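Notes follow the structure.
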4 protein chains.
Amino acid sequence: MRIGLLTSGGDCPGLNAVIRSAVLHGIKSHSDEFVGFRAGWKGLIEGDYFDLTRQDVRGLAREGGTILGTSRTHPYNHPGGGPEAMAAQLEHHQIDGVIAIGGEGTLAGAKRLADAGLPIVGVPKTIDNDLRATDYTFGFDTAISIATNAMDRLRTTGESHHRCMVAEVMGRHVGWIALHSGMAAGAHAILIPEQGVTMDQLCEWVEQVHSRGRSPLVVVAEGFIPEGAEEALAGKGADASGRPRLGGVGEWVTQQIEDRTGIESRNTTLGHIQRGGNPTGFDRVLATRFGIKALDLVHEQAWGDMAALRGTEIVTANLSAALDGLKEVPADRYEEAKILFGR
Amino acid sequence: MRIGLLTSGGDCPGLNAVIRSAVLHGIKSHSDEFVGFRAGWKGLIEGDYFDLTRQDVRGLAREGGTILGTSRTHPYNHPGGGPEAMAAQLEHHQIDGVIAIGGEGTLAGAKRLADAGLPIVGVPKTIDNDLRATDYTFGFDTAISIATNAMDRLRTTGESHHRCMVAEVMGRHVGWIALHSGMAAGAHAILIPEQGVTMDQLCEWVEQVHSRGRSPLVVVAEGFIPEGAEEALAGKGADASGRPRLGGVGEWVTQQIEDRTGIESRNTTLGHIQRGGNPTGFDRVLATRFGIKALDLVHEQAWGDMAALRGTEIVTANLSAALDGLKEVPADRYEEAKILFGR
Amino acid sequence: MRIGLLTSGGDCPGLNAVIRSAVLHGIKSHSDEFVGFRAGWKGLIEGDYFDLTRQDVRGLAREGGTILGTSRTHPYNHPGGGPEAMAAQLEHHQIDGVIAIGGEGTLAGAKRLADAGLPIVGVPKTIDNDLRATDYTFGFDTAISIATNAMDRLRTTGESHHRCMVAEVMGRHVGWIALHSGMAAGAHAILIPEQGVTMDQLCEWVEQVHSRGRSPLVVVAEGFIPEGAEEALAGKGADASGRPRLGGVGEWVTQQIEDRTGIESRNTTLGHIQRGGNPTGFDRVLATRFGIKALDLVHEQAWGDMAALRGTEIVTANLSAALDGLKEVPADRYEEAKILFGR
Amino acid sequence: MRIGLLTSGGDCPGLNAVIRSAVLHGIKSHSDEFVGFRAGWKGLIEGDYFDLTRQDVRGLAREGGTILGTSRTHPYNHPGGGPEAMAAQLEHHQIDGVIAIGGEGTLAGAKRLADAGLPIVGVPKTIDNDLRATDYTFGFDTAISIATNAMDRLRTTGESHHRCMVAEVMGRHVGWIALHSGMAAGAHAILIPEQGVTMDQLCEWVEQVHSRGRSPLVVVAEGFIPEGAEEALAGKGADASGRPRLGGVGEWVTQQIEDRTGIESRNTTLGHIQRGGNPTGFDRVLATRFGIKALDLVHEQAWGDMAALRGTEIVTANLSAALDGLKEVPADRYEEAKILFGR
């Protein structure tokens, strides 16, 4: 078969490992040929691609980012998009199947296109871990690893100066990165979009820790909106969707802590370092297995399906399963973490 | 309640995180008191323990090893062991429950003691990931991370000199560390105890890779015994159980490759660095959740039960589940990895 | 002898290694006794200290931060400060000598006090590498290591999205961290306080790189003030000394690039993670050697002197040498780096 | 100019950074053309090379190994070697100058060839830090970083089991890696080729530490030959030069400690991971500056000269300076480290 691959949405450690294992599996097991569409759906729509040889995927298991490039191009709203035009492109270039690697938006597009008859399978990708269809996706573990390591560093500064340290991590809609990295780093409070916490409550936790002679560590997901901060954060530069811009909430919370408790406090917004660079071993294994599975799905012509992780098994899920709302942090997971807050 | 903790068997990154979260949970949620038995069952048998305060567990989420110390003391075979004597010790020191953290041997002991009426719950620990009762245990991910990173380093040397690099990793009875770290590092062959591979087959893979101008990477679990090497490895110093001593098989395989193919080859035995040092974020989260669960089990007086991971959930398992034979690498997982071998 | 140690100013990886080696050297070689003053000069002024035993310094070579705590208390301006009162404190507590570990301000204070007759020696500390008296200080190499690693991560995101990535690093007055980490990461432009670069020039470099299909990486020291930005940055919250607050300039420059070139750009302000956590091997060796030297200086009663690095040797310098103006990045070092900018 | 580069001898992190900066400097500043000789002198002798474009050196600052490949081919003893034949090759392929990057042997060859009229400059490379002509070379800091990190891991295992941990590190003739990594890791004894230490003395140190309840860490350079072990190590497989083979001495010393003190002891031979993988920031900066300097030397036609580090400056040295005997660890550096041994 002649198979096209594309990566779409924000970059994520492990994308290259998916590409590598799918290509190697196809070449070795089926003598497949591969092309890479440049910059997501855009490449498919515009017929912009290049041949993907085994030489191209050499050494990619450990490389962050995506050699295909990525973009947020929508497969329907982009000029030349839509199923008919895209089907014509595939036929014109004699491409028998497409592996689309991306997050909720990408998989939603893939689902619509598959329903319209296009030969597409999916691989889930989200650094935020917010897809219901799979236990984990690659990239999340790398983000946890980076954030945890950064917080380990913040703690020594906090202890030396007896300050409160705040770390703002990724997570616009869900708090998985904050929950896991905060628990790993021994944070004294974790603030996530799914759970309201008042500044009074937060400051109580901070003061409990500080009064024991320790240095409080607070972890905030970028999408947490503190009561009373809606306007302030929006005023500081919310994006089109009303979401506070990156960097806003960490600074806001830090200021609140300092103002209310008098404890010297410092914010660090980890930002883009959370999503780049070499993936962890965990993510490389997961991504490699996803790539192998995706290639199998293509040969099974399981259009509209995707790879997913259930426990320790790689399974087949329907793309529709990825679109069933965000996977939020459940209340009992937050309660579990909360046991270690404050005091 | 007054609760004792012990760690037994080989050390493992995450032990301290279990101790920390169990103690903090107990102090915060139940005003429990804690003692730490020194050096595993030995401490319990000999009444050798110290008070574990919240000050003692401060900062432990990120620290490798175990502040309790560990040993391979057997709870029955050690002088003063056995359920009656140990029950007397617990009563004498007014200890209401015990959390035993260890691998198969430790949990087998805990099971027998619990069956004999002792108030014991378990936490599974194995760097080798060989326990059936749980999807993963802490320590395994850290070992993968260290081994993967080491192999990344070996590869640049291999490529520069156009050599075959061999890495021997832990895994006396099962090949999980070899399988995952090898897949993560893009190994061209992985040898595990569960699967026979002839030196002819191995050398074919090595030569395929070398002839494409690349540098082969071979990963060998320490417990893999090549056909024809039983005697050689035994002669080089097998331990009491007939197992080739650490370091044996990597060197043996390397010599075979060099002798049979003429390709310059080098072995590196990763050894003890795989089990020490700071745990990964993944392992810290898992260990922290296990500690919380174990404390809950104590308060439920669920003697004879243990914490386990199923998918993303922490569940209760009976200690007997841990003793149901080793969790080996299944054949389909090896076939999956094999897709990327050789050529 | 009975010797007091204090750490003053911002924390820095390696402080604990200095403390450890000075204490161990004193105990082993001279049977000295040690006390640690809490929170810098404040502890000395207020007689707030604790006994420092070998148990206290155990394992400290690898730990970031300072177990003594630190502050920015001035030895003269603080109530109870000044040479007479401090000499009285030392006599009262029978302390024969003081090792003061700190940056320019701390060493200036130590110099004045030593000139006034107090038994004080110094150890230079600056993450910024801005002290003339020594080739390097500990903490700088760790900062370079962290910043370089972070930039490696930013690059994969940049390449995947074909964006310009900006990294703001520490360096209020000098550009050493920016220069070294930028050179190590292969940055296409480095902006430092010592060298004026116009936004026109910067955007030319960025466009040269982008037009070759690559993703520009720009490194900015926090103290670089772009022409035309004085007011904007001040308006955004300069501190008392008129310096743009942390985080200001990276965002400002990023906005300029995006506005002027139309290239999608993202800023990451590395912030506090640069100064915390475990020191690198380089910094541990340097700090350990500084601690040994400082103890020797105390026994030589070389009051007013400090440890310094010259080439590979630890030498004695007069504290006045540390106060002879900041060590700025010389023009030829910037020219050397500039060879690799742009295009 | 048309310039050839070669890397010779063992690989070393930073080689690629030298190649990159020399090529970029030449292309940008002088419109030079570059070729890369494959596998060291062999490529020059056999006219085996490829064009080195800026595309080829992209991203190389952070990559370990050498894209040119390396070998131990001798420029005189290899068929077709020697100055006349090599000069003919250079003329035939219109190459105006050669940058030879290598250790003592490589630089000795380069010196002889330059004396015979060939247009060659050198860049020093040695992971062992054993060249007199330069304060440091790239690769050494990376080795220290890896070894220190590994020892941090060994320590937690040692403490948990109350064992003596032995780490064998690189260093056939000099003990710099052992000295620096051992000092960084807080080792209780360091054994280097330059200094005789009896097993009695070693065991005394080990017992002092163990009797204080701690876990001794011993670092051994692979080239240290214990009194009485000459035959034993030789018997186990010394190489042509009589040197004990890699891995021998660590195991031997471990056995001695266990036999003489009864303390459970474990050896880990770090091996090849010390010389592969991404260079540290320090090594990238040094290698980048060496590459720039080497290109300048070519344009100055400073044949027979090499780049060197003196303090913080890159200077010119004559290749003869590299050949003036090994740079051994001086006695006073060992005495300085010894202060922290034992007790």
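Note on naming: chains are A, B, ... as they come in the structure tokens, residues start from 1 per chain, ligands start from 1 in the order shown.
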
task = Once DSSP has gone over the backbone, tell me which residues of stretch 6-250 of chain C are in strand (DSSP E), as a PyMOL selection string.
result = chain C and resi 6-7+33-37+49-51+97-102+120-124+164-169+189-191+217-221

task = Just need the residues of chain C within 9 Å of chain A, counting only C-alpha atoms, so spit them out as an NGL selection string.
result = :C and (10-13 or 39 or 63-71 or 149-162 or 266-278)

message = Just want the 8 Å neighbourhood of C:Leu107, counted on only C-alpha atoms, with same-chain residues fewer than 5 positions away dropped. Output as number ranges by chain.
response = C: 100-102, 122-124, 319, 322-323

message = Among stretch 153-300 of chain B, which ones does DSSP assign to alpha helix (DSSP H) (computed from the backbone)? Answer as a PyMOL selection string.
response = chain B and resi 153-161+176-185+199-211+230-235+248-261+281-299

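Nearest-residue note for D:Ser265: choosing from D:Val249, D:Leu309, D:Ile144, D:Cys164, the minimum distance belongs to D:Cys164, counting only C-alpha atoms.
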
message = Env of D:Gly36: 6 Å cut, atoms = only C-alpha atoms, seq-sep filter 3 positions within chain, self excluded. Answer as a PyMOL selection string.
response = chain D and resi 4-5+49-50+52

The selected residues should be written to file as a compact mmCIF listing (two decimals), in the first residue's frame (atoms: N, CA and C atoms).
# COMPACT_ATOMS: atom_id res chain seq x y z
N GLY D 4 39.43 20.46 4.64
CA GLY D 4 39.00 19.13 5.05
C GLY D 4 39.04 18.98 6.56
N LEU D 5 38.06 18.23 7.10
CA LEU D 5 38.05 17.95 8.54
C LEU D 5 38.12 16.45 8.76
N TYR D 49 35.93 10.91 1.14
CA TYR D 49 35.35 12.07 1.82
C TYR D 49 34.03 12.45 1.18
N PHE D 50 33.33 13.37 1.82
CA PHE D 50 32.07 13.88 1.26
C PHE D 50 31.99 15.37 1.51
N LEU D 52 30.78 18.74 2.91
CA LEU D 52 30.13 19.13 4.17
C LEU D 52 29.44 20.47 3.95
